[in-house]
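Engineer: Pasting structure25.txt here (compact mmCIF, C-alpha atoms and all ligand atoms):
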```txt
# COMPACT_ATOMS: atom_id res chain seq x y z
CA MET V 1 38.80 -123.69 -2.12
CA LEU V 2 35.65 -122.02 -3.46
CA PRO V 3 35.13 -122.43 -7.24
CA ASP V 4 34.87 -118.62 -7.54
CA ILE V 5 38.30 -118.25 -5.94
CA GLU V 6 39.77 -120.87 -8.25
CA ASN V 7 38.31 -119.06 -11.23
CA LEU V 8 39.58 -115.71 -9.95
CA LEU V 9 43.09 -117.13 -9.66
CA ARG V 10 42.90 -118.35 -13.25
CA LEU V 11 41.47 -114.99 -14.28
CA GLN V 12 44.34 -113.23 -12.54
CA GLU V 13 46.81 -115.37 -14.48
CA ALA V 14 45.03 -114.61 -17.76
CA ASP V 15 44.99 -110.87 -16.92
CA LYS V 16 48.71 -111.01 -16.21
CA GLN V 17 49.44 -112.73 -19.53
CA ILE V 18 47.27 -110.22 -21.39
CA ARG V 19 49.17 -107.32 -19.84
CA ARG V 20 52.52 -108.90 -20.65
CA LEU V 21 51.53 -109.56 -24.28
CA GLN V 22 50.13 -106.07 -24.77
CA ASP V 23 53.33 -104.56 -23.39
CA GLU V 24 55.44 -106.72 -25.67
CA ILE V 25 53.37 -105.89 -28.74
CA ALA V 26 53.71 -102.17 -27.95
CA GLU V 27 57.45 -102.50 -27.39
CA LEU V 28 58.37 -104.19 -30.71
CA PRO V 29 57.75 -101.20 -33.07
CA LYS V 30 59.85 -99.01 -30.73
CA ARG V 31 62.78 -101.34 -31.27
CA VAL V 32 62.31 -101.21 -35.05
CA THR V 33 62.13 -97.41 -34.88
CA ALA V 34 65.42 -97.26 -32.99
CA ILE V 35 67.16 -99.34 -35.67
CA GLU V 36 65.59 -97.25 -38.39
CA GLN V 37 67.00 -94.11 -36.80
CA LYS V 38 70.47 -95.61 -36.87
CA LEU V 39 69.94 -96.54 -40.48
CA ALA V 40 68.91 -92.95 -41.32
CA GLY V 41 72.18 -91.74 -39.72
CA THR V 42 74.24 -94.02 -41.95
CA LYS V 43 72.25 -92.91 -45.01
CA ALA V 44 72.97 -89.24 -44.22
CA GLN V 45 76.68 -90.05 -43.89
CA LEU V 46 76.69 -91.72 -47.30
CA GLU V 47 74.88 -88.78 -48.88
CA LYS V 48 77.40 -86.39 -47.38
CA ALA V 49 80.32 -88.40 -48.78
CA GLN V 50 78.65 -88.59 -52.21
CA ALA V 51 77.97 -84.82 -52.19
CA ALA V 52 81.64 -84.19 -51.38
CA VAL V 53 82.68 -86.32 -54.37
CA LYS V 54 80.29 -84.35 -56.60
CA ALA V 55 81.60 -81.00 -55.31
CA ASP V 56 85.18 -82.10 -55.96
CA ASP V 57 84.26 -83.19 -59.49
CA ALA V 58 82.65 -79.84 -60.17
CA ALA V 59 85.69 -78.00 -58.79
CA LYS V 60 88.01 -80.11 -60.93
CA ARG V 61 85.97 -79.39 -64.05
CA LYS V 62 85.98 -75.68 -63.23
CA HIS V 63 89.76 -75.70 -62.78
CA GLU V 64 90.22 -77.59 -66.04
CA SER V 65 88.11 -75.06 -67.85
CA THR V 66 90.14 -72.24 -66.28
CA ILE V 67 93.34 -73.89 -67.53
CA SER V 68 91.87 -74.27 -71.00
CA ASP V 69 90.85 -70.58 -71.01
CA LEU V 70 94.34 -69.53 -69.93
CA ARG V 71 95.92 -71.64 -72.64
CA GLY V 72 93.61 -69.95 -75.17
CA LYS V 73 94.72 -66.55 -73.89
CA ILE V 74 98.41 -67.49 -74.14
CA SER V 75 97.95 -68.65 -77.72
CA LYS V 76 96.23 -65.34 -78.55
CA TYR V 77 99.05 -63.31 -76.92
CA ARG V 78 101.60 -65.26 -78.94
CA ASP V 79 99.73 -64.41 -82.20
CA GLN V 80 99.57 -60.74 -81.20
CA SER V 81 103.29 -60.67 -80.35
CA LEU V 82 104.07 -61.35 -84.01
CA GLU V 83 102.34 -58.18 -85.03
CA VAL V 84 103.57 -55.69 -82.37
CA LYS V 85 105.53 -52.61 -83.48
CA THR V 86 107.31 -51.56 -80.30
CA ASN V 87 109.55 -53.21 -77.80
CA GLU V 88 107.28 -52.03 -74.94
CA GLN V 89 104.25 -53.67 -76.50
CA TYR V 90 106.20 -56.93 -76.91
CA LYS V 91 107.35 -56.86 -73.27
CA ALA V 92 103.82 -56.26 -72.06
CA LEU V 93 102.52 -59.31 -73.99
CA LEU V 94 105.38 -61.44 -72.70
CA HIS V 95 104.47 -60.39 -69.19
CA GLU V 96 100.82 -61.43 -69.75
CA ILE V 97 101.95 -64.81 -71.06
CA GLN V 98 104.19 -65.42 -68.02
CA PHE V 99 101.36 -64.43 -65.71
CA ALA V 100 98.93 -66.86 -67.40
CA GLU V 101 101.48 -69.66 -67.26
CA LYS V 102 101.93 -69.14 -63.52
CA GLU V 103 98.19 -69.28 -63.07
CA ILE V 104 97.98 -72.50 -65.07
CA ALA V 105 100.65 -74.10 -62.87
CA ALA V 106 98.77 -73.07 -59.69
CA THR V 107 95.47 -74.42 -61.02
CA GLU V 108 97.09 -77.66 -62.12
CA ASP V 109 98.34 -78.09 -58.52
CA LYS V 110 94.77 -77.70 -57.31
CA VAL V 111 93.55 -80.36 -59.79
CA LEU V 112 96.26 -82.72 -58.64
CA GLU V 113 95.30 -82.17 -55.02
CA LEU V 114 91.65 -82.95 -55.86
CA MET V 115 92.70 -86.13 -57.63
CA VAL V 116 94.68 -87.29 -54.61
CA ASN V 117 91.68 -86.46 -52.34
CA ALA V 118 89.34 -88.35 -54.66
CA ASP V 119 90.86 -91.69 -53.55
CA ALA V 120 90.06 -90.97 -49.92
CA ARG V 121 86.57 -89.73 -50.82
CA ASP V 122 85.96 -92.88 -52.79
CA LYS V 123 86.91 -95.03 -49.81
CA GLU V 124 84.52 -93.05 -47.58
CA VAL V 125 81.65 -93.59 -49.99
CA LYS V 126 82.36 -97.31 -50.31
CA ALA V 127 82.55 -97.77 -46.50
CA ALA V 128 79.26 -95.91 -45.99
CA GLN V 129 77.64 -98.00 -48.71
CA ALA V 130 78.82 -101.25 -47.11
CA GLU V 131 77.57 -100.12 -43.71
CA LEU V 132 74.21 -99.16 -45.14
CA LYS V 133 73.90 -102.52 -46.83
CA ALA V 134 74.67 -104.41 -43.57
CA GLU V 135 72.29 -102.24 -41.57
CA THR V 136 69.53 -102.63 -44.12
CA ALA V 137 69.88 -106.42 -43.97
CA GLU V 138 69.89 -106.21 -40.16
CA ILE V 139 66.76 -104.09 -40.04
CA GLU V 140 65.00 -106.41 -42.43
CA ARG V 141 65.84 -109.30 -40.14
CA GLU V 142 64.68 -107.38 -37.07
CA LYS V 143 61.48 -106.33 -38.77
CA GLU V 144 60.82 -109.89 -39.82
CA GLN V 145 61.38 -111.09 -36.26
CA ALA V 146 59.15 -108.33 -34.90
CA ARG V 147 56.43 -109.21 -37.37
CA HIS V 148 56.69 -112.88 -36.46
CA ARG V 149 56.73 -112.13 -32.73
CA THR V 150 53.82 -109.75 -32.99
CA ALA V 151 51.75 -112.28 -34.90
CA GLU V 152 52.55 -114.92 -32.27
CA ASP V 153 51.72 -112.50 -29.46
CA GLN V 154 48.46 -111.52 -31.12
CA LYS V 155 47.51 -115.17 -31.36
CA GLN V 156 48.28 -115.75 -27.68
CA LEU V 157 46.51 -112.54 -26.76
CA ALA V 158 43.35 -113.70 -28.52
CA GLU V 159 43.58 -117.03 -26.68
CA GLN V 160 44.05 -115.36 -23.29
CA ARG V 161 41.20 -112.94 -23.97
CA GLY V 162 38.93 -115.84 -24.83
CA LYS V 163 39.98 -117.58 -21.66
CA ARG V 164 39.37 -114.43 -19.65
CA ASP V 165 35.87 -113.96 -21.05
CA GLN V 166 35.03 -117.55 -20.28
CA LEU V 167 36.32 -117.25 -16.71
CA ARG V 168 34.52 -113.96 -16.14
CA ALA V 169 31.24 -115.53 -17.19
CA ASN V 170 31.66 -118.13 -14.44
CA ILE V 171 32.41 -115.78 -11.55
CA ASN V 172 29.81 -114.17 -9.33
CA GLU V 173 29.13 -110.65 -10.69
CA ASP V 174 29.63 -108.74 -7.43
CA LEU V 175 32.85 -110.60 -6.75
CA LEU V 176 34.08 -109.91 -10.28
CA ARG V 177 33.32 -106.22 -9.87
CA GLN V 178 35.27 -106.15 -6.59
CA TYR V 179 38.20 -107.96 -8.23
CA GLU V 180 38.32 -105.63 -11.24
CA ARG V 181 37.90 -102.47 -9.19
CA VAL V 182 40.88 -103.33 -6.96
CA LEU V 183 42.87 -104.66 -9.95
CA LYS V 184 42.47 -101.29 -11.66
CA PHE V 185 43.85 -99.34 -8.70
CA ARG V 186 46.32 -101.77 -7.21
CA GLY V 187 47.46 -103.93 -10.11
CA SER V 188 46.03 -107.12 -8.56
CA GLY V 189 42.64 -108.02 -7.17
CA ILE V 190 43.27 -111.19 -5.20
CA SER V 191 45.83 -112.04 -2.55
CA GLU V 192 47.02 -115.12 -0.76
CA VAL V 193 46.97 -115.32 3.03
CA ARG V 194 50.09 -116.71 4.66
CA ASP V 195 51.32 -116.52 8.26
CA HIS V 196 48.07 -114.75 9.20
CA LYS V 197 48.97 -111.94 6.79
CA CYS V 198 47.61 -110.65 3.50
CA VAL V 199 50.61 -111.37 1.25
CA ALA V 200 49.87 -108.36 -1.01
CA CYS V 201 49.65 -105.62 1.66
CA GLN V 202 51.42 -107.46 4.50
CA VAL V 203 48.78 -106.43 7.03
CA MET V 204 48.02 -108.93 9.83
CA LEU V 205 44.50 -110.32 9.71
CA ARG V 206 42.21 -110.52 12.71
CA ALA V 207 41.92 -114.08 14.06
CA GLN V 208 38.30 -114.41 12.93
CA THR V 209 39.10 -113.14 9.43
CA TYR V 210 42.04 -115.52 9.18
CA ASN V 211 39.88 -118.48 10.23
CA ASP V 212 37.20 -117.50 7.73
CA VAL V 213 39.75 -117.40 4.89
CA ARG V 214 41.33 -120.65 6.01
CA SER V 215 38.06 -122.53 6.16
CA GLY V 216 37.57 -121.72 2.45
CA GLN V 217 33.80 -121.62 2.88
CA GLN V 218 33.14 -117.94 2.24
CA ILE V 219 34.48 -114.93 0.40
CA VAL V 220 36.64 -112.70 2.61
CA ILE V 221 38.05 -109.31 1.65
CA CYS V 222 41.20 -107.75 3.11
CA ASP V 223 40.14 -104.85 5.35
CA SER V 224 43.29 -103.02 4.52
CA CYS V 225 43.75 -103.36 0.74
CA GLN V 226 40.30 -104.64 -0.33
CA ARG V 227 41.74 -107.58 -2.22
CA ILE V 228 39.83 -110.85 -2.20
CA LEU V 229 41.66 -113.25 0.11
CA TYR V 230 42.35 -116.93 -0.36
CA PHE V 231 44.26 -119.59 1.48
CA ASN V 232 46.46 -122.17 -0.20
CA PRO V 233 46.80 -125.28 2.00
CA ALA V 234 49.63 -126.58 -0.19
CA GLU V 235 51.73 -123.52 0.70
CA GLU V 236 51.12 -124.10 4.39
CA LEU V 237 52.20 -127.71 4.10
CA VAL V 238 55.42 -126.64 2.43
CA GLU V 239 56.07 -124.11 5.18
CA GLN V 240 55.36 -126.52 7.99
CA LYS V 241 57.12 -129.51 6.51
CA PRO V 242 60.41 -129.07 8.38
CA THR V 243 58.59 -128.83 11.70
CA VAL V 244 56.42 -131.83 10.87
CA THR V 245 59.41 -134.08 10.31
CA ARG V 246 61.46 -132.61 13.14
CA PRO V 247 59.24 -131.12 15.82
CA LYS V 248 61.04 -129.22 18.54
CA ARG V 249 61.62 -131.51 21.43
CA HIS V 250 60.30 -130.64 24.85
CA HIS V 251 62.95 -130.87 27.47
CA PRO V 252 62.09 -132.96 30.52
CA LYS V 253 62.00 -131.05 33.79
CA ILE V 254 64.87 -131.76 36.17
CA ASP V 255 62.61 -131.65 39.24
CA ALA V 256 59.75 -133.71 37.80
CA PRO V 257 58.31 -136.26 40.23
CA GLN V 258 58.79 -138.91 37.58
CA ALA V 259 61.61 -139.44 35.10
CA TRP V 260 61.99 -141.78 32.13
CA TYR V 261 65.39 -142.89 30.89
CA TYR V 262 66.81 -144.96 28.11
CA ARG V 263 69.83 -147.19 28.69
CA PRO V 264 71.52 -149.07 25.83
CA GLU V 265 72.45 -151.86 28.24
CA PHE V 266 70.97 -153.11 31.49
CA GLY V 267 72.64 -156.18 32.86
CA ASP V 268 71.91 -158.99 30.43
CA ALA V 269 68.75 -157.32 29.15
CA GLY V 270 70.17 -154.98 26.49
CA GLU V 271 68.18 -151.80 25.70
CA VAL V 272 65.70 -150.72 28.37
CA PHE V 273 63.41 -147.88 29.39
CA ILE V 274 63.65 -147.11 33.11
CA VAL V 275 61.05 -145.08 34.96
CA LEU V 276 61.87 -143.61 38.36
CA THR V 277 59.04 -142.17 40.45
CA ASN V 278 59.10 -140.24 43.71
CA ASN V 279 56.50 -141.45 46.13
CA GLY V 280 56.60 -139.47 49.38
CA ALA V 281 59.76 -140.40 51.28
CA GLN V 282 60.42 -143.28 48.91
CA SER V 283 61.04 -143.75 45.23
CA SER V 284 60.38 -146.64 42.86
CA ARG V 285 62.03 -148.06 39.75
CA HIS V 286 60.44 -149.98 36.87
CA VAL V 287 62.53 -151.34 33.99
CA TYR V 288 60.98 -152.29 30.60
CA ASP V 289 62.44 -153.98 27.56
CA VAL V 290 62.60 -151.38 24.75
CA HIS V 291 61.24 -153.75 22.08
CA THR V 292 58.73 -155.94 23.88
CA GLY V 293 57.70 -153.66 26.75
CA ARG V 294 58.20 -156.60 29.15
CA LEU V 295 58.81 -155.60 32.77
CA ILE V 296 62.35 -156.65 33.67
CA GLY V 297 63.09 -157.80 37.21
CA ASP V 298 61.21 -156.65 40.28
CA ILE V 299 59.89 -153.19 40.95
CA LEU V 300 62.47 -151.67 43.30
CA ILE V 301 61.47 -149.36 46.13
CA ARG V 302 64.16 -147.39 47.93
CA GLU V 303 64.30 -144.67 50.56
CA GLY V 304 64.63 -141.08 49.44
CA ASP V 305 64.30 -139.08 46.22
CA TYR V 306 65.02 -141.16 43.07
CA ARG V 307 68.09 -139.07 42.28
CA GLN V 308 69.68 -140.15 45.51
CA ALA V 309 68.17 -143.63 45.48
CA PHE V 310 69.11 -144.79 41.94
CA PRO V 311 72.23 -142.85 40.86
CA GLU V 312 73.71 -145.86 39.03
CA ASP V 313 70.65 -146.03 36.74
CA ILE V 314 70.72 -142.33 35.92
CA THR V 315 74.43 -141.95 35.11
CA GLY V 316 75.01 -142.21 31.37
CA ALA V 317 71.32 -142.71 30.63
CA THR V 318 69.31 -140.59 28.15
CA ARG V 319 66.52 -138.67 29.82
CA LEU V 320 63.19 -138.91 27.96
CA ASN V 321 59.80 -137.21 28.04
CA GLY V 322 57.07 -139.33 29.54
CA ALA V 323 54.46 -139.03 32.27
CA TRP V 324 52.28 -141.94 33.20
CA ASP V 325 51.25 -141.96 36.82
CA GLU V 326 51.76 -144.75 39.35
CA GLU V 327 48.23 -146.01 38.78
CA GLU V 328 48.82 -146.40 35.04
CA LEU V 329 52.10 -148.22 35.63
CA GLU V 330 50.26 -150.62 37.89
CA ALA V 331 47.56 -151.11 35.30
CA TRP V 332 50.19 -152.12 32.68
CA GLY V 333 51.19 -155.03 34.91
CA THR V 334 54.21 -156.86 33.47
CA GLU V 335 54.09 -155.25 30.02
CA ALA V 336 54.21 -151.59 28.95
CA PRO V 337 51.72 -150.96 26.10
CA MET V 338 52.95 -150.48 22.52
CA ILE V 339 51.68 -146.88 22.42
CA VAL V 340 53.96 -146.03 25.38
CA LEU V 341 56.95 -147.74 23.76
CA ASP V 342 56.30 -145.88 20.50
CA ALA V 343 56.07 -142.52 22.28
CA LEU V 344 59.30 -143.16 24.19
CA GLN V 345 61.05 -144.41 21.05
CA ALA V 346 59.96 -141.29 19.10
CA ASP V 347 61.28 -139.05 21.85
CA LEU V 348 64.53 -141.02 21.93
CA ASP V 349 64.93 -140.51 18.17
CA LEU V 350 64.42 -136.78 18.61
CA ALA V 351 66.90 -136.66 21.48
CA ARG V 352 69.48 -138.44 19.31
CA HIS V 353 68.82 -136.11 16.39
CA GLU V 354 69.17 -133.12 18.69
CA MET V 355 72.41 -134.47 20.05
CA SER V 356 73.95 -135.02 16.62
CA ALA V 357 72.76 -131.56 15.46
CA ARG V 358 74.41 -129.98 18.49
CA THR V 359 77.65 -131.87 18.08
CA SER V 360 77.91 -130.85 14.45
CA ALA V 361 76.92 -127.23 15.19
CA LYS V 362 79.24 -126.78 18.16
CA ARG V 363 82.20 -128.96 17.38
CA GLU V 364 84.58 -126.50 19.05
CA THR V 365 82.85 -126.66 22.43
CA PRO V 366 82.01 -129.85 24.31
CA ALA V 367 78.54 -130.94 23.24
CA VAL V 368 75.80 -130.69 25.81
CA THR V 369 74.05 -134.02 25.58
CA PRO V 370 70.81 -135.05 27.18
CA THR V 371 72.80 -137.74 28.93
CA GLU V 372 72.53 -137.06 32.63
CA GLN V 373 75.24 -136.99 35.20
CA ALA V 374 74.76 -138.61 38.57
CA ALA V 375 73.42 -136.23 41.20
CA SER V 376 76.11 -135.37 43.66
ZN ZN L 401 45.58 -106.77 1.99
```
Could you show the structure in this file as structure tokens?
Structural biologist:
Amino acid sequence: MLPDIENLLRLQEADKQIRRLQDEIAELPKRVTAIEQKLAGTKAQLEKAQAAVKADDAAKRKHESTISDLRGKISKYRDQSLEVKTNEQYKALLHEIQFAEKEIAATEDKVLELMVNADARDKEVKAAQAELKAETAEIEREKEQARHRTAEDQKQLAEQRGKRDQLRANINEDLLRQYERVLKFRGSGISEVRDHKCVACQVMLRAQTYNDVRSGQQIVICDSCQRILYFNPAEELVEQKPTVTRPKRHHPKIDAPQAWYYRPEFGDAGEVFIVLTNNGAQSSRHVYDVHTGRLIGDILIREGDYRQAFPEDITGATRLNGAWDEEELEAWGTEAPMIVLDALQADLDLARHEMSARTSAKRETPAVTPTEQAAS
């Protein structure tokens, strides 16, 4: 990977962190404001409850003064009644006294009602005060946390900015301009290439462009989104890993002029590789020991196609991939080379893996195995 690309990737990370920190710093006061608004609501409720208590107190005092005035009047009427000359005058005063007494009784009821209400009002005030106290403590805690967080963010922000400046100083100017121009409009200025595509815009790259990015020798820009492209070999390895360990097995052709087989037992010899080859009107058979490659027995030649000529060797055997012509077989003499044995063994392992995968995937249906049936 080019050093400029490596620096751009680090720069992109620093830019991302800077954006995240700036957003977080901007978000914290909004949270505090929201709690403060709630607090203001509780404060208003408390003030309302306190104002109601005050109004009730004032009303009670007013009623008490009314009662006191009425009592004064009654006392005055009583004094006057001692000095009246006529019965009518006396009756009139008595009537005034009765009227004032009624009014006193009504006002006293009102005072009593206010006194009963005062208990409820008192409870309201106390509840609002308790709530305010809890909320105030809460907001202080939140504010403290926000302050702490902001300070921490500011510190990190300064670090990331320093890192960014340092990285910028080490990147080619034109490249940096390209990166920042695209970053401004698209939110990112550099994109990975995977599966022949620009990961950011998902547009397929031309073969030449892809190869240029892959080689990591030059700066390549996505034709479609203008981002600077880079290739991460580690990502490709991860993607290809399953196929590396288990490549898809080629299936041998039924009508091939030559066929390799594996048999777990062959007379007294144990595991063998058998190769059957058509040769005009005849066919031949070579048998090799799986482990040593030693040629076992004589080379058999029979009349006809090998399927007809050697059915007993084919039945129950595992068909393998392998193609070494007659000349090569002759050149091996009495021992197949190690490289051939390894290739056949690797193919046998794959065939076995394939077989077990199929049996586990299709347990309900009879597994199709690479084991051949005798030609009829
Ligand atoms: Zn693109």
Engineer: Which of these residues is nearest to Glu103 (chain V), using all atoms listed in the file: V:Arg10, V:Arg263, V:Lys73, V:Arg319?
Structural biologist: V:Lys73
Engineer: Hey, which residues sit close to ligand ZN 401 (chain L)? Say within 12 Å, counting only C-alpha atoms and all ligand atoms, and write them as a PDB file with C-alpha atoms, in the frame of the given file.
Structural biologist:
```
ATOM      1  CA  VAL V 182      40.880-103.330  -6.960  1.00  0.00           C
ATOM      2  CA  ARG V 186      46.320-101.770  -7.210  1.00  0.00           C
ATOM      3  CA  SER V 188      46.030-107.120  -8.560  1.00  0.00           C
ATOM      4  CA  GLY V 189      42.640-108.020  -7.170  1.00  0.00           C
ATOM      5  CA  ILE V 190      43.270-111.190  -5.200  1.00  0.00           C
ATOM      6  CA  SER V 191      45.830-112.040  -2.550  1.00  0.00           C
ATOM      7  CA  GLU V 192      47.020-115.120  -0.760  1.00  0.00           C
ATOM      8  CA  VAL V 193      46.970-115.320   3.030  1.00  0.00           C
ATOM      9  CA  ARG V 194      50.090-116.710   4.660  1.00  0.00           C
ATOM     10  CA  HIS V 196      48.070-114.750   9.200  1.00  0.00           C
ATOM     11  CA  LYS V 197      48.970-111.940   6.790  1.00  0.00           C
ATOM     12  CA  CYS V 198      47.610-110.650   3.500  1.00  0.00           C
ATOM     13  CA  VAL V 199      50.610-111.370   1.250  1.00  0.00           C
ATOM     14  CA  ALA V 200      49.870-108.360  -1.010  1.00  0.00           C
ATOM     15  CA  CYS V 201      49.650-105.620   1.660  1.00  0.00           C
ATOM     16  CA  GLN V 202      51.420-107.460   4.500  1.00  0.00           C
ATOM     17  CA  VAL V 203      48.780-106.430   7.030  1.00  0.00           C
ATOM     18  CA  MET V 204      48.020-108.930   9.830  1.00  0.00           C
ATOM     19  CA  LEU V 205      44.500-110.320   9.710  1.00  0.00           C
ATOM     20  CA  ARG V 206      42.210-110.520  12.710  1.00  0.00           C
ATOM     21  CA  THR V 209      39.100-113.140   9.430  1.00  0.00           C
ATOM     22  CA  TYR V 210      42.040-115.520   9.180  1.00  0.00           C
ATOM     23  CA  VAL V 220      36.640-112.700   2.610  1.00  0.00           C
ATOM     24  CA  ILE V 221      38.050-109.310   1.650  1.00  0.00           C
ATOM     25  CA  CYS V 222      41.200-107.750   3.110  1.00  0.00           C
ATOM     26  CA  ASP V 223      40.140-104.850   5.350  1.00  0.00           C
ATOM     27  CA  SER V 224      43.290-103.020   4.520  1.00  0.00           C
ATOM     28  CA  CYS V 225      43.750-103.360   0.740  1.00  0.00           C
ATOM     29  CA  GLN V 226      40.300-104.640  -0.330  1.00  0.00           C
ATOM     30  CA  ARG V 227      41.740-107.580  -2.220  1.00  0.00           C
ATOM     31  CA  ILE V 228      39.830-110.850  -2.200  1.00  0.00           C
ATOM     32  CA  LEU V 229      41.660-113.250   0.110  1.00  0.00           C
ATOM     33  CA  TYR V 230      42.350-116.930  -0.360  1.00  0.00           C
TER      34      TYR V 230
END
```
Engineer: Need the shell around Asp119 (chain V): protein/DNA/RNA residues with any atom at most 12 Å away, counting all atoms listed in the file. Skip same-chain ones fewer than 6 positions apart. Format as a ChimeraX atom specification?
Structural biologist: /V:53,56,112-113,125-126
Engineer: What gap, in Å, lies between CA of Asn232 (chain V) and CA of Arg164 (chain V)?
Structural biologist: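 So the two atoms, CA of Asn232 (chain V) and CA of Arg164 (chain V), lie 22.1 Å apart.
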Engineer: Find the spatial neighbours of Arg302 (chain V), counting only C-alpha atoms, within a cut-off of 12 Å - ignore same-chain residues fewer than 5 positions away - and output them as a PDB file with C-alpha atoms, in the coordinates of the input.
Structural biologist:
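out03.pdb written:
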```
ATOM      1  CA  LEU V 276      61.870-143.610  38.360  1.00  0.00           C
ATOM      2  CA  THR V 277      59.040-142.170  40.450  1.00  0.00           C
ATOM      3  CA  ASN V 278      59.100-140.240  43.710  1.00  0.00           C
ATOM      4  CA  ASN V 279      56.500-141.450  46.130  1.00  0.00           C
ATOM      5  CA  GLY V 280      56.600-139.470  49.380  1.00  0.00           C
ATOM      6  CA  ALA V 281      59.760-140.400  51.280  1.00  0.00           C
ATOM      7  CA  GLN V 282      60.420-143.280  48.910  1.00  0.00           C
ATOM      8  CA  SER V 283      61.040-143.750  45.230  1.00  0.00           C
ATOM      9  CA  SER V 284      60.380-146.640  42.860  1.00  0.00           C
ATOM     10  CA  ARG V 285      62.030-148.060  39.750  1.00  0.00           C
ATOM     11  CA  HIS V 286      60.440-149.980  36.870  1.00  0.00           C
ATOM     12  CA  ARG V 307      68.090-139.070  42.280  1.00  0.00           C
ATOM     13  CA  GLN V 308      69.680-140.150  45.510  1.00  0.00           C
ATOM     14  CA  ALA V 309      68.170-143.630  45.480  1.00  0.00           C
ATOM     15  CA  PHE V 310      69.110-144.790  41.940  1.00  0.00           C
ATOM     16  CA  PRO V 311      72.230-142.850  40.860  1.00  0.00           C
TER      17      PRO V 311
END
```
Engineer: To one decimal place, how far is CA of Leu94 (chain V) from CA of Ser65 (chain V) in Å?
Structural biologist: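 These two atoms are separated by 22.5 Å.
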Engineer: Contacts of Pro3 (chain V) at 12 Å or less, counting only C-alpha atoms, minus same-chain residues fewer than 3 places along, as a list in words?
Structural biologist: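 Everything that qualifies: Glu6, Asn7, Leu8, Leu9, Arg10, Leu167, Asn170, Ile171, Asn172, Gly216, Gln217, Gln218, Ile219 and Tyr230 of chain V.
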Engineer: V:Ala256, V:Ser75, V:Gly297, V:Gln156: which is nearest Asp325 (chain V), counting only C-alpha atoms?
Structural biologist: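 When distances to Asp325 (chain V) are compared using only C-alpha atoms, the smallest one comes from V:Ala256.
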Engineer: Can you tell me how far CA of Ala323 (chain V) sits from CA of Pro257 (chain V), in Å to one decimal?
Structural biologist: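 Atom-to-atom, CA of Ala323 (chain V) and CA of Pro257 (chain V) are spaced 9.3 Å apart.
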Engineer: Need the neighbours of (64.7, -100.3, -34.7): which residues are at most 12 Å away, counting only C-alpha atoms, as a list in words?
Structural biologist: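 Selection result: Glu27, Leu28, Pro29, Lys30, Arg31, Val32, Thr33, Ala34, Ile35, Glu36, Gln37, Lys38, Leu39, Ala40, Glu135, Thr136, Glu138, Ile139, Glu140, Arg141, Glu142, Lys143, Glu144, Gln145 and Ala146 of chain V.
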Engineer: Give the answer as one residue: which of V:Asp57, V:Glu180, V:Glu83, V:Asp255 has the shortest atom-to-atom distance to Arg121 (chain V), using all atoms listed in the file?
Structural biologist: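 Among the listed residues, the smallest separation from Arg121 (chain V) belongs to V:Asp57.
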Engineer: Looking at all atoms listed in the file, which of V:Ala346, V:Leu183, V:Ala128, V:Ala59 is the one that sits closest to Met115 (chain V)?
Structural biologist: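 Between V:Ala346, V:Leu183, V:Ala128, V:Ala59, the residue approaching Met115 (chain V) most closely is V:Ala59.
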Engineer: Would you mind putting back N, CA and C atoms on region 10-19 of chain V, then writing it out as a PDB file, in the frame of the given file?
Structural biologist:
```pdb
ATOM      1  N   ARG V  10      42.629-118.126 -11.824  1.00  0.00           N
ATOM      2  CA  ARG V  10      42.900-118.350 -13.250  1.00  0.00           C
ATOM      3  C   ARG V  10      42.731-117.044 -14.029  1.00  0.00           C
ATOM      4  N   LEU V  11      41.718-116.279 -13.617  1.00  0.00           N
ATOM      5  CA  LEU V  11      41.470-114.990 -14.280  1.00  0.00           C
ATOM      6  C   LEU V  11      42.665-114.067 -14.062  1.00  0.00           C
ATOM      7  N   GLN V  12      43.186-114.076 -12.834  1.00  0.00           N
ATOM      8  CA  GLN V  12      44.340-113.230 -12.540  1.00  0.00           C
ATOM      9  C   GLN V  12      45.517-113.602 -13.429  1.00  0.00           C
ATOM     10  N   GLU V  13      45.724-114.903 -13.625  1.00  0.00           N
ATOM     11  CA  GLU V  13      46.810-115.370 -14.480  1.00  0.00           C
ATOM     12  C   GLU V  13      46.587-114.905 -15.925  1.00  0.00           C
ATOM     13  N   ALA V  14      45.342-115.044 -16.391  1.00  0.00           N
ATOM     14  CA  ALA V  14      45.030-114.610 -17.760  1.00  0.00           C
ATOM     15  C   ALA V  14      45.237-113.100 -17.900  1.00  0.00           C
ATOM     16  N   ASP V  15      44.809-112.338 -16.891  1.00  0.00           N
ATOM     17  CA  ASP V  15      44.990-110.870 -16.920  1.00  0.00           C
ATOM     18  C   ASP V  15      46.475-110.511 -16.989  1.00  0.00           C
ATOM     19  N   LYS V  16      47.272-111.251 -16.230  1.00  0.00           N
ATOM     20  CA  LYS V  16      48.710-111.010 -16.210  1.00  0.00           C
ATOM     21  C   LYS V  16      49.318-111.251 -17.592  1.00  0.00           C
ATOM     22  N   GLN V  17      48.929-112.379 -18.202  1.00  0.00           N
ATOM     23  CA  GLN V  17      49.440-112.730 -19.530  1.00  0.00           C
ATOM     24  C   GLN V  17      49.020-111.679 -20.556  1.00  0.00           C
ATOM     25  N   ILE V  18      47.770-111.221 -20.449  1.00  0.00           N
ATOM     26  CA  ILE V  18      47.270-110.220 -21.390  1.00  0.00           C
ATOM     27  C   ILE V  18      48.092-108.942 -21.284  1.00  0.00           C
ATOM     28  N   ARG V  19      48.365-108.526 -20.047  1.00  0.00           N
ATOM     29  CA  ARG V  19      49.170-107.320 -19.840  1.00  0.00           C
ATOM     30  C   ARG V  19      50.563-107.483 -20.426  1.00  0.00           C
TER      31      ARG V  19
END
```
